[in-house]
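K.L.:
Pasting in a structure now, in structure tokens, and then I'll have a few things to ask.
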Amino acid sequence: MSATFAGTGPLLRTTLAHDARRFAPWVLIATGLSVSSVLVYPWAFPDEQARAGLATAISANPALGIIFGPAFDISTSEGFNSWRSLALAGFLTALGAIFAVVRATRAQEDSGQAELLASGVLGRGGRLLTGVGLALIGSLAVGIIAGVATGLCGGAWDDSLLLAATFTASGWMFAGVAAITAQLGSDARTASTLAVATLGVLFMARGFAYAADAPAWTVWVNPLGWLTETRPANSNNWLPLLWAVVFTVAALGVAFALQARRDFGQGVIAPRAGPARGTVRTPAQLAIRLNRSQMITWAIAFAVLGVVFGYFATSIHDILEKDAAVASILAAGATTPQALTGAFLVTILSLVGIIAAIPGVQLMLRLHSEEIEDRVEIVLAGAVRRSRLYASTVALALVMPAMYVLISGTLIGAIASSGDVGVDFGDTLKQAAATIPAVWTITAVSVAVVGARPQVSIAAWVGVLASFVLTLLGPTFKLWDWVLAISPFWHVPNVTESDADWLGLVWITLVTVVLLGVGFTGFRRRDIASR
């Protein structure tokens, strides 16, 4: 056993010294979510009437429940913080843990660093234990810093610490999941995709189970459901965290067992052999070939999203009528079920659009990674111009998200229109189409970053993050319109309204053109393989 993990201590210390800073963004975001909730809540909702209005608004749009989970009690700042931060900050901490584990395991095998390390005094399980250790320590740091900062900013200590503990537990569980997928995947990209896909499926399943008032067992079979059932600021149940620890230990046990049995540099899932002779003749074909697996995976994911959201839309009236506050508003004639359903569909399609921008950003960053690995320079050494190579990737990055939005929109409209909820298939498809320009604007941010300033490639995700925060969280904080307008999705009209304002789409299209111009100009003028 000691030989298996020989050299782990020095390697872990070195890894912490070099890679710990990569966990800093996840710490800052999780802490910022929690602290801002406690600080802003008394200002945004100063009295009981405002807080009751918030509760009604959340209940009237079940799409928020899918994303953030149930609002058990938002009459206090701690309860609001729990609703707003538990699912989202836990999700982000889990992402950080996944990337940390894969980077310290499969990514090193892909780059050859693992072979160099193995030539010294390092046991077979040393690298995996180091990657897991980095993720566990990073997740623990998220919990400690977020919990203490929230308590110091006025949050109740017991509520704040339990909430922060769910962030840590989420990171720990998915460190275990990533440790398994690092043994299954044939390379780092496959390992990351498997782990993130697992996280995404469980995240959406939890939200759907709560929003649709599904049977209790659908929550308890989901590890993320255990964290929600801790109910910070409500019942403060620490017991489910024990199950998270058990899950983490079990997952790590499976990972180390697989690691001991697989060949170095190989995965349990073997990659498919390529053709005997190359068939790629153009940059466009090369872009499609490099991203084919990713494109198919995302297409399936958006088809599933369309089915889930479409089914959910068919029962939207029943869900709304179960809420006493919403039922009283409907009874008073202040709004109609059709209006609430329309708002629900706009929110859902905005969420679909934000998610659809992710593969577009990934594709642009994939081009940058190919550039860093000196593969782009080889292509440009032939008769391929820079503008043509970049245009092929950009075109795919714009077309892919548009297709995904239309796939989900078509399925949502087809399924929802079959129910007696007042949803028209044509209107739903038009709403999906109206969302596409906003998706292109987010993708164009990554085009500009990769083209002009690849040294700050992390900024490619700014569009996705800002749109998510402003579109789904901004209204709950009653932010000013000029702040909300930063998100391109704020400019997407509700096509079912008779006075829909289409001018906003023109403005964000102009912004998209400018960002694309910046990206193409920068890529044409800068050095290749700029780090």
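Chain lettering (A, B, ...) mirrors the order of the structure tokens, residue numbering begins at 1 for each chain separately, and ligand numbering begins at 1 in order of display.
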Which residues come within 8 Å of Ala178 (chain A), counting only C-alpha atoms, excluding same-chain residues fewer than 6 positions away, as a list of chain:residue names?

P.N.:
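Contacts, in chain order: A:Ala97, A:Ile98, A:Val101, A:Val102, A:Ala191, A:Ser192, A:Ala195.
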
K.L.:
What residues in region 320-501 of chain A get the DSSP label alpha helix (DSSP H)? Please answer as a VMD selection string.

P.N.:
chain A and resid 320 to 321 324 to 332 337 to 372 376 to 380 386 to 416 425 to 452 462 to 468 481 to 484

K.L.:
Out of A:Ile58, A:Leu134, A:Ala402, A:Ala52, which residue has the shortest atom-to-atom distance to Phe302 (chain A) when counting only C-alpha atoms?

P.N.:
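The answer is A:Ala402, which sits nearest to Phe302 (chain A).
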
K.L.:
Have a look at A:Thr297, A:Thr314, A:Ser111, A:Thr443 and name the one nearest to Gly422 (chain A); count only C-alpha atoms.

P.N.:
A:Thr314

K.L.:
Using CA of Gly413 (chain A) and CA of Phe425 (chain A) as the two end points, give the distance in Å to one decimal.

P.N.:
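Computing the Euclidean distance for CA of Gly413 (chain A) and CA of Phe425 (chain A) yields 4.5 Å.
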
K.L.:
Which is closer to Ala460 (chain A) than all the others in A:Gly96, A:Gly171, A:Pro359, A:Gly7, using only C-alpha atoms?

P.N.:
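Looking at the shortest contact to Ala460 (chain A), the residue is A:Pro359.
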
K.L.:
Rounded to one decimal in Å, what is the spacing between CA of Gln431 (chain A) and CA of Val445 (chain A)?

P.N.:
22.8 Å

K.L.:
Quick one: residues within 10 Å of Leu92 (chain A), only C-alpha atoms, excluding same-chain residues fewer than 5 positions away - as an MDAnalysis selection string?

P.N.:
chainID A and resid 25:27 29:30 87 97:98 167 170:171

K.L.:
Could you tell me which of A:Gly353, A:Gly253, A:Gly382, A:Gly451 comes closest to Val464 (chain A) if we count only C-alpha atoms?

P.N.:
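For Val464 (chain A), the nearest of the candidates is A:Gly353.
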
K.L.:
Give me the residues near region 477-491 of chain A as a ChimeraX atom specification, where near means some atom within 7 Å (using only C-alpha atoms) and where sequence neighbours in that chain fewer than 3 positions away do not count.

P.N.:
/A:44,350,438,441,466-467,470-471,473-474,504-505,508

K.L.:
Pick the closest to Ser392 (chain A) from A:Leu161, A:Ala432, A:Ala100, A:Leu367: which is it, counting only C-alpha atoms?

P.N.:
A:Leu367

K.L.:
Under the rule that only C-alpha atoms are counted, which of A:Ser75, A:Gln362, A:Thr105, A:Thr496 is the nearest residue to Thr428 (chain A)?

P.N.:
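Between A:Ser75, A:Gln362, A:Thr105, A:Thr496, the residue approaching Thr428 (chain A) most closely is A:Thr496.
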
K.L.:
Just the residues within 10 Å of region 144-148 of chain A, please, counting only C-alpha atoms, with nothing from its chain fewer than 2 positions along; format it as a PDB file with C-alpha atoms, in the first residue's frame.

P.N.:
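Just written: out38.pdb:
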ATOM      1  CA  VAL A  27     -14.013  30.197  -4.340  1.00  0.00           C
ATOM      2  CA  LEU A  28     -14.726  33.794  -5.319  1.00  0.00           C
ATOM      3  CA  ILE A  29     -17.924  33.025  -7.223  1.00  0.00           C
ATOM      4  CA  ALA A  30     -19.401  30.792  -4.512  1.00  0.00           C
ATOM      5  CA  THR A  31     -18.474  33.293  -1.806  1.00  0.00           C
ATOM      6  CA  GLY A  32     -19.803  36.181  -3.875  1.00  0.00           C
ATOM      7  CA  LEU A  33     -23.149  34.450  -4.416  1.00  0.00           C
ATOM      8  CA  SER A  34     -23.608  33.773  -0.718  1.00  0.00           C
ATOM      9  CA  VAL A  35     -22.357  37.111   0.607  1.00  0.00           C
ATOM     10  CA  ALA A  89     -22.656  27.469  -5.895  1.00  0.00           C
ATOM     11  CA  GLY A 138     -10.102  23.234  -2.889  1.00  0.00           C
ATOM     12  CA  SER A 139     -13.715  22.296  -2.153  1.00  0.00           C
ATOM     13  CA  LEU A 140     -13.031  22.569   1.560  1.00  0.00           C
ATOM     14  CA  ALA A 141     -11.591  26.038   0.987  1.00  0.00           C
ATOM     15  CA  VAL A 142     -14.773  27.048  -0.845  1.00  0.00           C
ATOM     16  CA  THR A 150     -21.254  35.046   4.944  1.00  0.00           C
ATOM     17  CA  GLY A 151     -21.323  34.891   8.736  1.00  0.00           C
ATOM     18  CA  LEU A 152     -19.126  37.977   9.029  1.00  0.00           C
ATOM     19  CA  CYS A 153     -21.423  39.846   6.647  1.00  0.00           C
ATOM     20  CA  GLY A 155     -25.703  35.795   8.028  1.00  0.00           C
ATOM     21  CA  ALA A 156     -26.697  33.501  10.886  1.00  0.00           C
ATOM     22  CA  TRP A 157     -23.672  31.342  11.637  1.00  0.00           C
ATOM     23  CA  ASP A 158     -25.430  27.982  11.850  1.00  0.00           C
ATOM     24  CA  ASP A 159     -27.336  28.594   8.595  1.00  0.00           C
ATOM     25  CA  SER A 160     -24.296  29.992   6.795  1.00  0.00           C
ATOM     26  CA  LEU A 161     -21.958  27.177   7.796  1.00  0.00           C
ATOM     27  CA  LEU A 162     -24.443  24.455   6.820  1.00  0.00           C
ATOM     28  CA  LEU A 163     -25.039  26.101   3.457  1.00  0.00           C
ATOM     29  CA  ALA A 164     -21.290  26.394   2.855  1.00  0.00           C
ATOM     30  CA  ALA A 165     -20.853  22.755   3.876  1.00  0.00           C
ATOM     31  CA  PHE A 167     -20.763  23.519  -1.397  1.00  0.00           C
ATOM     32  CA  THR A 168     -17.894  21.440  -0.043  1.00  0.00           C
TER      33      THR A 168
END

K.L.:
If we count only C-alpha atoms and set the cut-off at 10 Å, which residues sit around Ile348 (chain A), ignoring sequence neighbours fewer than 2 positions away in its own chain? Please answer as a list in words.

P.N.:
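So, after excluding close chain neighbours, the residues are Asn61, Pro62, Ala63, Leu64, Ile66, Ile67, Leu305, Gly306, Phe309, Gly310, Ala313, Gly342, Ala343, Phe344, Leu345, Val346, Ser350, Leu351, Val352, Gly353, Ile354, Gly409, Ile412 and Ala432 of chain A.
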
K.L.:
Can I get the selected residues back with N, CA and C atoms, as a compact mmCIF listing (two decimals), in the first residue's frame?

P.N.:
# COMPACT_ATOMS: atom_id res chain seq x y z
N ASN A 61 -43.17 31.25 -11.53
CA ASN A 61 -42.30 30.85 -12.63
C ASN A 61 -41.52 29.60 -12.22
N PRO A 62 -42.09 28.41 -12.45
CA PRO A 62 -41.42 27.17 -12.04
C PRO A 62 -40.07 26.96 -12.69
N ALA A 63 -39.78 27.71 -13.76
CA ALA A 63 -38.45 27.57 -14.38
C ALA A 63 -37.35 27.92 -13.39
N LEU A 64 -37.62 28.87 -12.49
CA LEU A 64 -36.64 29.22 -11.48
C LEU A 64 -36.41 28.06 -10.51
N ILE A 66 -36.54 24.92 -11.28
CA ILE A 66 -35.71 23.92 -11.94
C ILE A 66 -34.24 24.26 -11.76
N ILE A 67 -33.91 25.53 -11.78
CA ILE A 67 -32.52 25.95 -11.72
C ILE A 67 -32.02 26.03 -10.28
N LEU A 305 -33.36 17.88 -23.09
CA LEU A 305 -33.88 19.10 -22.47
C LEU A 305 -35.22 19.50 -23.05
N GLY A 306 -35.34 19.40 -24.37
CA GLY A 306 -36.61 19.74 -25.01
C GLY A 306 -37.75 18.86 -24.54
N PHE A 309 -38.48 19.78 -20.68
CA PHE A 309 -39.16 21.06 -20.53
C PHE A 309 -40.54 21.04 -21.19
N GLY A 310 -40.66 20.33 -22.30
CA GLY A 310 -41.97 20.22 -22.94
C GLY A 310 -42.97 19.49 -22.07
N ALA A 313 -43.99 21.73 -19.28
CA ALA A 313 -44.92 22.78 -19.69
C ALA A 313 -46.36 22.28 -19.75
N GLY A 342 -46.67 31.84 -20.77
CA GLY A 342 -45.81 32.54 -21.71
C GLY A 342 -44.51 32.99 -21.07
N ALA A 343 -44.60 33.53 -19.85
CA ALA A 343 -43.39 33.96 -19.14
C ALA A 343 -42.50 32.76 -18.83
N PHE A 344 -43.14 31.64 -18.50
CA PHE A 344 -42.38 30.42 -18.22
C PHE A 344 -41.60 29.97 -19.46
N LEU A 345 -42.24 29.99 -20.63
CA LEU A 345 -41.59 29.55 -21.85
C LEU A 345 -40.45 30.50 -22.24
N VAL A 346 -40.64 31.80 -22.03
CA VAL A 346 -39.57 32.74 -22.33
C VAL A 346 -38.36 32.47 -21.45
N SER A 350 -34.79 31.08 -22.71
CA SER A 350 -33.59 31.86 -22.40
C SER A 350 -32.54 30.97 -21.74
N LEU A 351 -32.99 30.10 -20.83
CA LEU A 351 -32.06 29.16 -20.20
C LEU A 351 -31.46 28.22 -21.25
N VAL A 352 -32.29 27.72 -22.16
CA VAL A 352 -31.80 26.87 -23.24
C VAL A 352 -30.76 27.62 -24.07
N GLY A 353 -31.03 28.89 -24.34
CA GLY A 353 -30.09 29.69 -25.11
C GLY A 353 -28.76 29.88 -24.41
N ILE A 354 -28.79 30.13 -23.10
CA ILE A 354 -27.56 30.30 -22.34
C ILE A 354 -26.75 29.01 -22.36
N GLY A 409 -36.43 23.92 -28.88
CA GLY A 409 -37.66 24.67 -29.11
C GLY A 409 -38.71 23.87 -29.84
N ILE A 412 -40.06 21.25 -27.34
CA ILE A 412 -40.90 21.91 -26.32
C ILE A 412 -42.24 22.29 -26.91
N ALA A 432 -38.15 30.52 -29.91
CA ALA A 432 -36.82 29.89 -29.96
C ALA A 432 -35.94 30.58 -31.00

K.L.:
Would you work out the distance separating CA of Ala391 (chain A) from CA of Ala188 (chain A), expressed in Å to one decimal?

P.N.:
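These two atoms are separated by 26.7 Å.
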
K.L.:
Applying 12 Å and only C-alpha atoms, which residues near Pro46 (chain A) remain after dropping the ones on its own chain fewer than 5 positions away? List them as a list in words.

P.N.:
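Close residues of Pro46 (chain A): Leu39, Val40, Tyr41, Arg51, Ala52, Gly53, Leu54, Ser75, Thr76, Ser77 and Phe477 of chain A.
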